[in-house]
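K.L.:
One structure, pasted below without further comment.
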Amino acid sequence: MSQGSIKKTVVNAVGDYKFGFHSSVDSVYTSPKGLSREVIAEISERKNEPAWMREFRLRAFDIFLEKPMPEWGADLSGIDFNNIHYYVQPQDSAKTRWEDVPTGIKDTFERLGIPEAERKFLSGAGAQFESEVIYHSLHESLSKKGVIFDSTDNALRLYPEIFQKYFGKVIPPTDNKFAALNSAVWSGGSFVYVPKGVHIELPLQAYFRINAENMGQFERTLIIADEGSSVHYIEGCTAPTYSSDSLHSAVVEVIALPGSRVQYSTIQNWSTNVYNLVTKRAVAYENAHMLWLDCNIGSKVTMKYPAVFLRGEGAKAEIHSFAFSGKGQHQDAGAKVIHLAPNTSSTIHARSISKDGGRATYRGLVKVPNGIKNTSSRVVCDALIMDSASRSDTYPTMDIKDDTASIAHEASVTRIDEATLFYLRSRGFDSATAAAMLVNGFATPIVKQLPMEYAVEMNRLIAIEMEGFSQ
Amino acid sequence: MDTKTSILSVKNLSISIQNTPVVSGVSFDVHEGELFVIMGANGSGKSSLLQAIMGNPLYQVTGGSAHMGDVDLLALTPEKRSLAGIFLAFQYPPAMSGIPFGNFIRLAANEQQTQIGGSPFAPKAFFPIVQNALKRVELDTTFIARSLHEGSSGGEKKRLEVAQMSILQPRIALLDEIDSGVDVDGLRSLTEEIARLQKENGMTVILVTHNTRMFQYLTPDRIAIMSKGTLVKIGDASLAKRIEQDGYEGFLGEPSNVQ
């Protein structure tokens, strides 16, 4: 299976997508629709990049052209690569104070509650609008300790040594067609470096906003947690609801060095006209602990399978995913863990809900090559199907070549139970409220791992999706 | 009987489950503040009657009526019946996975608040209310954070049902086999709580059971006996003695005193 992780296509399922507004913002530069060597050269030129990055992009473009579209997973036939703007530059440079961000863009993020969240419970915040990070900031105490939290573009310029050492090493352009596409046209994303032994208590958050129509967003995130450090990175994303489709195709690489702990949490809430095809992969070294917490509510089509390569003895992977598929949506999500060292362990817990004809697919892989001793893995997939028009599929691949491995797999499919619904109604809750309570209850084991503010928001998003539900 | 106020009037009620009749032509009136007990062998239609009065869509009413005062209950959704003051303690309450009891019951209380135009309870203000209700049914406060009915024993579930009743303070409580699976100490605290709500709030109780164990603690005003989907007898508390001696079979031979 290729590592295609496609994340976001949303269909406007329930009308009440409160992030569907469009802001009127003039961009500094918009590349013409379609993709060519000229477009890529122009992006590299405008970013004033070193020659090696320009070469990297052009090589990746060749790989993109060579690779066929994936023949498995969700239906991607609606993507028209010639009808997309691959680079939209909204302002001249990234700002470190909200006051300096142009009004139209700042207002957008105010409406999304980002500056407020930063003040209240974050160590640092970044915001990407179209193709560029327009704002980033890090708490002073952390920058003094040597923590780096910047846009990936800035990092290429400011920290060339560490950048080049890790960039594209976890997910090379050859990995899959969309990783190749991202490698060719990437722009924005976060660069995080946490020095040895530094623990970042409050999360770092990046927020991604697509505003323009027929826009492709291709951010590139690189997180390096040095030995014995810890960090929790959260990303959120939304877009206006348009009648034509947009494409979001990110690449996220995480390097968890020995003894570090990284949690990467996603609340994906693209509008239902976004194809979300994302590749996410972490490498965990000795005794490192990597946790992907992946919540997919929005998008038209999402293909995304966060992966962990356990390269060091004692390393641990946890992947928890939650997917909600409403009308016209297909969430094809899952997880991959490759055990490449002895005494490594992994846990995958996926929960999905499908409603109003929505489709949820769990696609996962656990691999233990021969000779890798004493590994353990537990995979649990639970699906909740709200009505007979909706669908859930599970494709759990277990490729276990060593007989010392301890492997457990459980799967369950439940339908919304009339007896349970009636119990709630007998306590005064109407059908929609009762269903939202059950669905939120179902999501709880995953969602409770988010910081409280986000868990509350997730519960609210789920309740919105359940509006109008009746039996 | 006519001097008392009827709070629930059931007339000629017939009920089917998936087109199979389970209750046929049952009529009775329950008076305000009364403890009305419905007894009968397993499968006699007692639970079906309570489920239909609460409005379970799986129990299809094929004829007759049920009124609470002037209110036509059958025209209301289950949630509206609840908000009108009817409470059903389930014989087999389902587990509410991922829904902590404290949240669940606070949100239910807030549905009532919304109904009467009151302001909703904040979690902090509501905590002592839940704590107190759990104390009355002799459950510890760890149940507040636990998913309702998930992993609870049969007896704990019954206590949690009664705790909900304490908080929601219904006008009419339909209690389905509230004694089954409950130990002696539990039975005492649950019956005490039922009696307290009757005394302090004038709560009306329709209690379904198939044995007389609860009557050590609660004295029924009247007992109705069901058999094969019909009501065969209504009498005073002394009927309990006859049931203990003769079982339900003893009533089948004699003429019914109900229409």
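We name chains A, B, ... following the order of the structure tokens; residues begin at 1 in each chain, and ligands are numbered from 1 as shown.
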Identify all chain A residues at most 9 Å from chain B by counting only C-alpha atoms; ligands do not count. Present them as a PDB file with N, CA and C atoms, in the first residue's frame.

P.N.:
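Produced file out-v1.pdb, reproduced below:
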```pdb
ATOM      1  N   GLU A 418     -32.205   1.683  18.665  1.00  0.00           N
ATOM      2  CA  GLU A 418     -33.483   2.335  18.962  1.00  0.00           C
ATOM      3  C   GLU A 418     -33.811   2.320  20.440  1.00  0.00           C
ATOM      4  N   ALA A 419     -33.436   1.230  21.108  1.00  0.00           N
ATOM      5  CA  ALA A 419     -33.738   1.122  22.539  1.00  0.00           C
ATOM      6  C   ALA A 419     -32.968   2.186  23.323  1.00  0.00           C
ATOM      7  N   THR A 420     -31.726   2.401  22.912  1.00  0.00           N
ATOM      8  CA  THR A 420     -30.894   3.401  23.585  1.00  0.00           C
ATOM      9  C   THR A 420     -31.427   4.808  23.314  1.00  0.00           C
ATOM     10  N   PHE A 422     -34.475   5.566  22.609  1.00  0.00           N
ATOM     11  CA  PHE A 422     -35.724   5.748  23.354  1.00  0.00           C
ATOM     12  C   PHE A 422     -35.447   6.059  24.826  1.00  0.00           C
ATOM     13  N   TYR A 423     -34.450   5.396  25.376  1.00  0.00           N
ATOM     14  CA  TYR A 423     -34.095   5.667  26.780  1.00  0.00           C
ATOM     15  C   TYR A 423     -33.799   7.158  26.959  1.00  0.00           C
ATOM     16  N   LEU A 424     -32.993   7.701  26.049  1.00  0.00           N
ATOM     17  CA  LEU A 424     -32.649   9.129  26.131  1.00  0.00           C
ATOM     18  C   LEU A 424     -33.887  10.006  25.946  1.00  0.00           C
ATOM     19  N   ARG A 425     -34.728   9.636  25.009  1.00  0.00           N
ATOM     20  CA  ARG A 425     -35.939  10.438  24.768  1.00  0.00           C
ATOM     21  C   ARG A 425     -36.859  10.392  25.990  1.00  0.00           C
ATOM     22  N   SER A 426     -36.868   9.256  26.687  1.00  0.00           N
ATOM     23  CA  SER A 426     -37.716   9.146  27.876  1.00  0.00           C
ATOM     24  C   SER A 426     -37.217  10.052  29.002  1.00  0.00           C
ATOM     25  N   ARG A 427     -36.012  10.601  28.818  1.00  0.00           N
ATOM     26  CA  ARG A 427     -35.478  11.539  29.811  1.00  0.00           C
ATOM     27  C   ARG A 427     -35.622  12.992  29.346  1.00  0.00           C
ATOM     28  N   GLY A 428     -36.358  13.177  28.245  1.00  0.00           N
ATOM     29  CA  GLY A 428     -36.674  14.545  27.827  1.00  0.00           C
ATOM     30  C   GLY A 428     -35.833  15.092  26.685  1.00  0.00           C
ATOM     31  N   PHE A 429     -34.938  14.265  26.103  1.00  0.00           N
ATOM     32  CA  PHE A 429     -34.099  14.738  24.994  1.00  0.00           C
ATOM     33  C   PHE A 429     -34.783  14.430  23.665  1.00  0.00           C
ATOM     34  N   ASP A 430     -34.820  15.404  22.749  1.00  0.00           N
ATOM     35  CA  ASP A 430     -35.400  15.092  21.446  1.00  0.00           C
ATOM     36  C   ASP A 430     -34.436  14.208  20.647  1.00  0.00           C
ATOM     37  N   SER A 431     -34.913  13.682  19.528  1.00  0.00           N
ATOM     38  CA  SER A 431     -34.123  12.700  18.766  1.00  0.00           C
ATOM     39  C   SER A 431     -32.738  13.198  18.402  1.00  0.00           C
ATOM     40  N   MET A 437     -25.810  13.064  21.646  1.00  0.00           N
ATOM     41  CA  MET A 437     -25.226  12.569  22.893  1.00  0.00           C
ATOM     42  C   MET A 437     -24.587  11.198  22.693  1.00  0.00           C
ATOM     43  N   LEU A 438     -25.292  10.335  21.955  1.00  0.00           N
ATOM     44  CA  LEU A 438     -24.748   8.993  21.718  1.00  0.00           C
ATOM     45  C   LEU A 438     -23.474   9.058  20.879  1.00  0.00           C
ATOM     46  N   VAL A 439     -23.510   9.927  19.861  1.00  0.00           N
ATOM     47  CA  VAL A 439     -22.353  10.037  18.971  1.00  0.00           C
ATOM     48  C   VAL A 439     -21.164  10.639  19.725  1.00  0.00           C
ATOM     49  N   ASN A 440     -21.442  11.662  20.519  1.00  0.00           N
ATOM     50  CA  ASN A 440     -20.363  12.239  21.320  1.00  0.00           C
ATOM     51  C   ASN A 440     -19.822  11.225  22.321  1.00  0.00           C
ATOM     52  N   GLY A 441     -20.724  10.429  22.874  1.00  0.00           N
ATOM     53  CA  GLY A 441     -20.289   9.376  23.795  1.00  0.00           C
ATOM     54  C   GLY A 441     -19.389   8.378  23.088  1.00  0.00           C
ATOM     55  N   PHE A 442     -19.753   8.055  21.859  1.00  0.00           N
ATOM     56  CA  PHE A 442     -18.965   7.123  21.038  1.00  0.00           C
ATOM     57  C   PHE A 442     -17.580   7.701  20.739  1.00  0.00           C
ATOM     58  N   ALA A 443     -17.534   9.016  20.513  1.00  0.00           N
ATOM     59  CA  ALA A 443     -16.259   9.669  20.166  1.00  0.00           C
ATOM     60  C   ALA A 443     -15.382   9.900  21.397  1.00  0.00           C
ATOM     61  N   THR A 444     -15.979   9.829  22.570  1.00  0.00           N
ATOM     62  CA  THR A 444     -15.267  10.213  23.789  1.00  0.00           C
ATOM     63  C   THR A 444     -13.884   9.594  23.996  1.00  0.00           C
ATOM     64  N   PRO A 445     -13.725   8.267  23.811  1.00  0.00           N
ATOM     65  CA  PRO A 445     -12.396   7.698  24.082  1.00  0.00           C
ATOM     66  C   PRO A 445     -11.290   8.344  23.253  1.00  0.00           C
TER      67      PRO A 445
END
```

K.L.:
Based on the backbone DSSP call, show me all residues of stretch 82-187 of chain B assigned alpha helix (DSSP H), as a count of residues only.

P.N.:
51

K.L.:
Nearest to A:Thr30 among A:Ser345, A:Thr414, A:Asn214, A:Thr174, with distances taken over only C-alpha atoms: which residue is it?

P.N.:
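Of the candidates, the smallest distance to A:Thr30 is held by A:Asn214.
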
K.L.:
Atom CA of B:Gly102 to atom CA of B:Leu139: how many Å, to one decimal?

P.N.:
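If I compute the distance from atom CA of B:Gly102 to atom CA of B:Leu139, I get 12.9 Å.
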
K.L.:
Please extract the residues of stretch 71-171 of chain B with a backbone DSSP assignment of strand (DSSP E or B) and present them as a list in words.

P.N.:
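Filtering stretch 71-171 of chain B to strand (DSSP E or B) leaves Val71, Asp72, Ile86, Phe87, Leu88, Ala89, Pro100 and Ser147 of chain B.
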
K.L.:
Please produce an output containing N, CA, C and O atoms for each residue in the selection, written as a compact mmCIF listing (two decimals), in the first residue's frame.

P.N.:
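Generated output (result34.txt):
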```
# COMPACT_ATOMS: atom_id res chain seq x y z
N VAL B 71 -54.42 15.92 29.07
CA VAL B 71 -53.38 15.76 28.04
C VAL B 71 -53.47 14.37 27.41
O VAL B 71 -53.40 13.35 28.11
N ASP B 72 -53.60 14.36 26.09
CA ASP B 72 -53.61 13.10 25.35
C ASP B 72 -52.16 12.63 25.19
O ASP B 72 -51.42 13.11 24.33
N ILE B 86 -43.75 12.56 33.23
CA ILE B 86 -43.76 11.10 33.34
C ILE B 86 -42.33 10.58 33.32
O ILE B 86 -41.50 11.05 32.54
N PHE B 87 -42.05 9.64 34.19
CA PHE B 87 -40.71 9.06 34.27
C PHE B 87 -40.83 7.55 34.25
O PHE B 87 -41.67 6.99 34.96
N LEU B 88 -40.00 6.92 33.44
CA LEU B 88 -39.97 5.45 33.41
C LEU B 88 -38.62 4.95 33.92
O LEU B 88 -37.58 5.29 33.36
N ALA B 89 -38.67 4.17 35.00
CA ALA B 89 -37.46 3.46 35.44
C ALA B 89 -37.45 2.14 34.71
O ALA B 89 -38.37 1.33 34.85
N PRO B 100 -21.09 10.34 30.90
CA PRO B 100 -21.02 10.25 32.36
C PRO B 100 -22.39 10.57 32.98
O PRO B 100 -23.11 11.46 32.51
N SER B 147 -19.65 6.34 32.95
CA SER B 147 -20.70 6.27 31.94
C SER B 147 -21.93 5.61 32.55
O SER B 147 -21.81 4.57 33.20
```

K.L.:
Would you list the contacts of A:Thr238 as JSON, numbers by chain, taking every protein, DNA or RNA residue within 6 Å and counting only C-alpha atoms, but skipping same-chain residues closer than 4 positions in sequence?

P.N.:
{"A": [209, 269, 270]}

K.L.:
When you look at B:Ser16 with a cut-off of 8 Å (counting only C-alpha atoms), what residues show up, excluding the ones that are within fewer than 6 positions of it in the same chain? I need them as a list of chain:residue names.

P.N.:
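Surrounding residues, per the criterion: B:Val22, B:Val23, B:Tyr59, B:Gln60, B:Val61, B:Thr62.
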
K.L.:
Let me make sure I understand: among A:Leu65, A:Val413, A:Val274, A:Val194, which one has the smallest atom-to-atom distance to A:Ser243 if we use only C-alpha atoms?

P.N.:
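Among A:Leu65, A:Val413, A:Val274, A:Val194, it is A:Val274 that comes nearest to A:Ser243.
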
K.L.:
Might you pull out every residue within 6 Å of stretch 28-32 of chain B, with only C-alpha atoms counted and same-chain residues fewer than 5 positions away left off, and present them as a ChimeraX atom specification?

P.N.:
/B:5-10,204

K.L.:
May I ask which of the residues A:Ile372, A:Leu247, A:Leu340, A:Ile223 is the closest one to A:Glu286, counting only C-alpha atoms?

P.N.:
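Smallest separation from A:Glu286 among the options: A:Leu340.
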
K.L.:
Given only C-alpha atoms as the basis, pick out the residue of B:Gly154, B:Gly69, B:Gly202, B:Pro128 nearest to B:Val182.

P.N.:
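Smallest separation from B:Val182 among the options: B:Gly154.
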
K.L.:
Leaving out A:Arg460 and any residue of its chain fewer than 6 positions from it, which residues lie within 12 Å of it when counting only C-alpha atoms, given as a PyMOL selection string?

P.N.:
chain A and resi 16-18+297+433+436-437+439-440+443+447+453-454+466-467

K.L.:
Restrict the selected residues to N, CA and C atoms and save them as a CSV table (one decimal), in the first residue's frame.

P.N.:
```
chain,number,residue,atom,x,y,z
A,16,ASP,N,-25.1,23.9,8.1
A,16,ASP,CA,-24.7,24.8,9.1
A,16,ASP,C,-23.2,24.7,9.3
A,17,TYR,N,-22.4,24.8,8.3
A,17,TYR,CA,-21.0,24.8,8.4
A,17,TYR,C,-20.6,26.2,8.7
A,18,LYS,N,-20.2,26.5,9.9
A,18,LYS,CA,-20.1,27.9,10.3
A,18,LYS,C,-18.8,28.5,9.8
A,297,ILE,N,-13.5,15.6,10.4
A,297,ILE,CA,-15.0,15.9,10.4
A,297,ILE,C,-15.4,16.3,9.0
A,433,THR,N,-30.9,15.6,19.7
A,433,THR,CA,-30.1,15.8,20.9
A,433,THR,C,-29.6,14.4,21.4
A,436,ALA,N,-27.0,13.1,19.1
A,436,ALA,CA,-25.7,13.8,19.3
A,436,ALA,C,-25.0,13.3,20.6
A,437,MET,N,-25.8,13.1,21.6
A,437,MET,CA,-25.2,12.6,22.9
A,437,MET,C,-24.6,11.2,22.7
A,439,VAL,N,-23.5,9.9,19.9
A,439,VAL,CA,-22.4,10.0,19.0
A,439,VAL,C,-21.2,10.6,19.7
A,440,ASN,N,-21.4,11.7,20.5
A,440,ASN,CA,-20.4,12.2,21.3
A,440,ASN,C,-19.8,11.2,22.3
A,443,ALA,N,-17.5,9.0,20.5
A,443,ALA,CA,-16.3,9.7,20.2
A,443,ALA,C,-15.4,9.9,21.4
A,447,VAL,N,-11.7,11.6,21.6
A,447,VAL,CA,-11.7,13.1,21.8
A,447,VAL,C,-11.2,13.5,23.2
A,453,GLU,N,-10.3,22.5,25.8
A,453,GLU,CA,-11.0,23.5,24.9
A,453,GLU,C,-11.3,22.9,23.5
A,454,TYR,N,-10.4,22.0,23.1
A,454,TYR,CA,-10.6,21.4,21.8
A,454,TYR,C,-11.7,20.3,21.8
A,466,MET,N,-25.3,16.5,13.8
A,466,MET,CA,-26.4,15.7,14.2
A,466,MET,C,-27.8,16.5,14.1
A,467,GLU,N,-27.7,17.8,13.8
A,467,GLU,CA,-28.9,18.6,13.8
A,467,GLU,C,-29.8,18.0,12.7
```

K.L.:
Find the spatial neighbours of B:Gln216, counting only C-alpha atoms, within a cut-off of 10 Å - ignore same-chain residues fewer than 3 positions away - and output them as a ChimeraX atom specification.

P.N.:
/B:187-188,191,212-213,219

K.L.:
For each of B:Leu49, B:Ala122, B:Ala41, B:Ile223, take the minimum atom-to-atom distance to B:Pro21, counting only C-alpha atoms, then give the residue where this is smallest.

P.N.:
B:Leu49
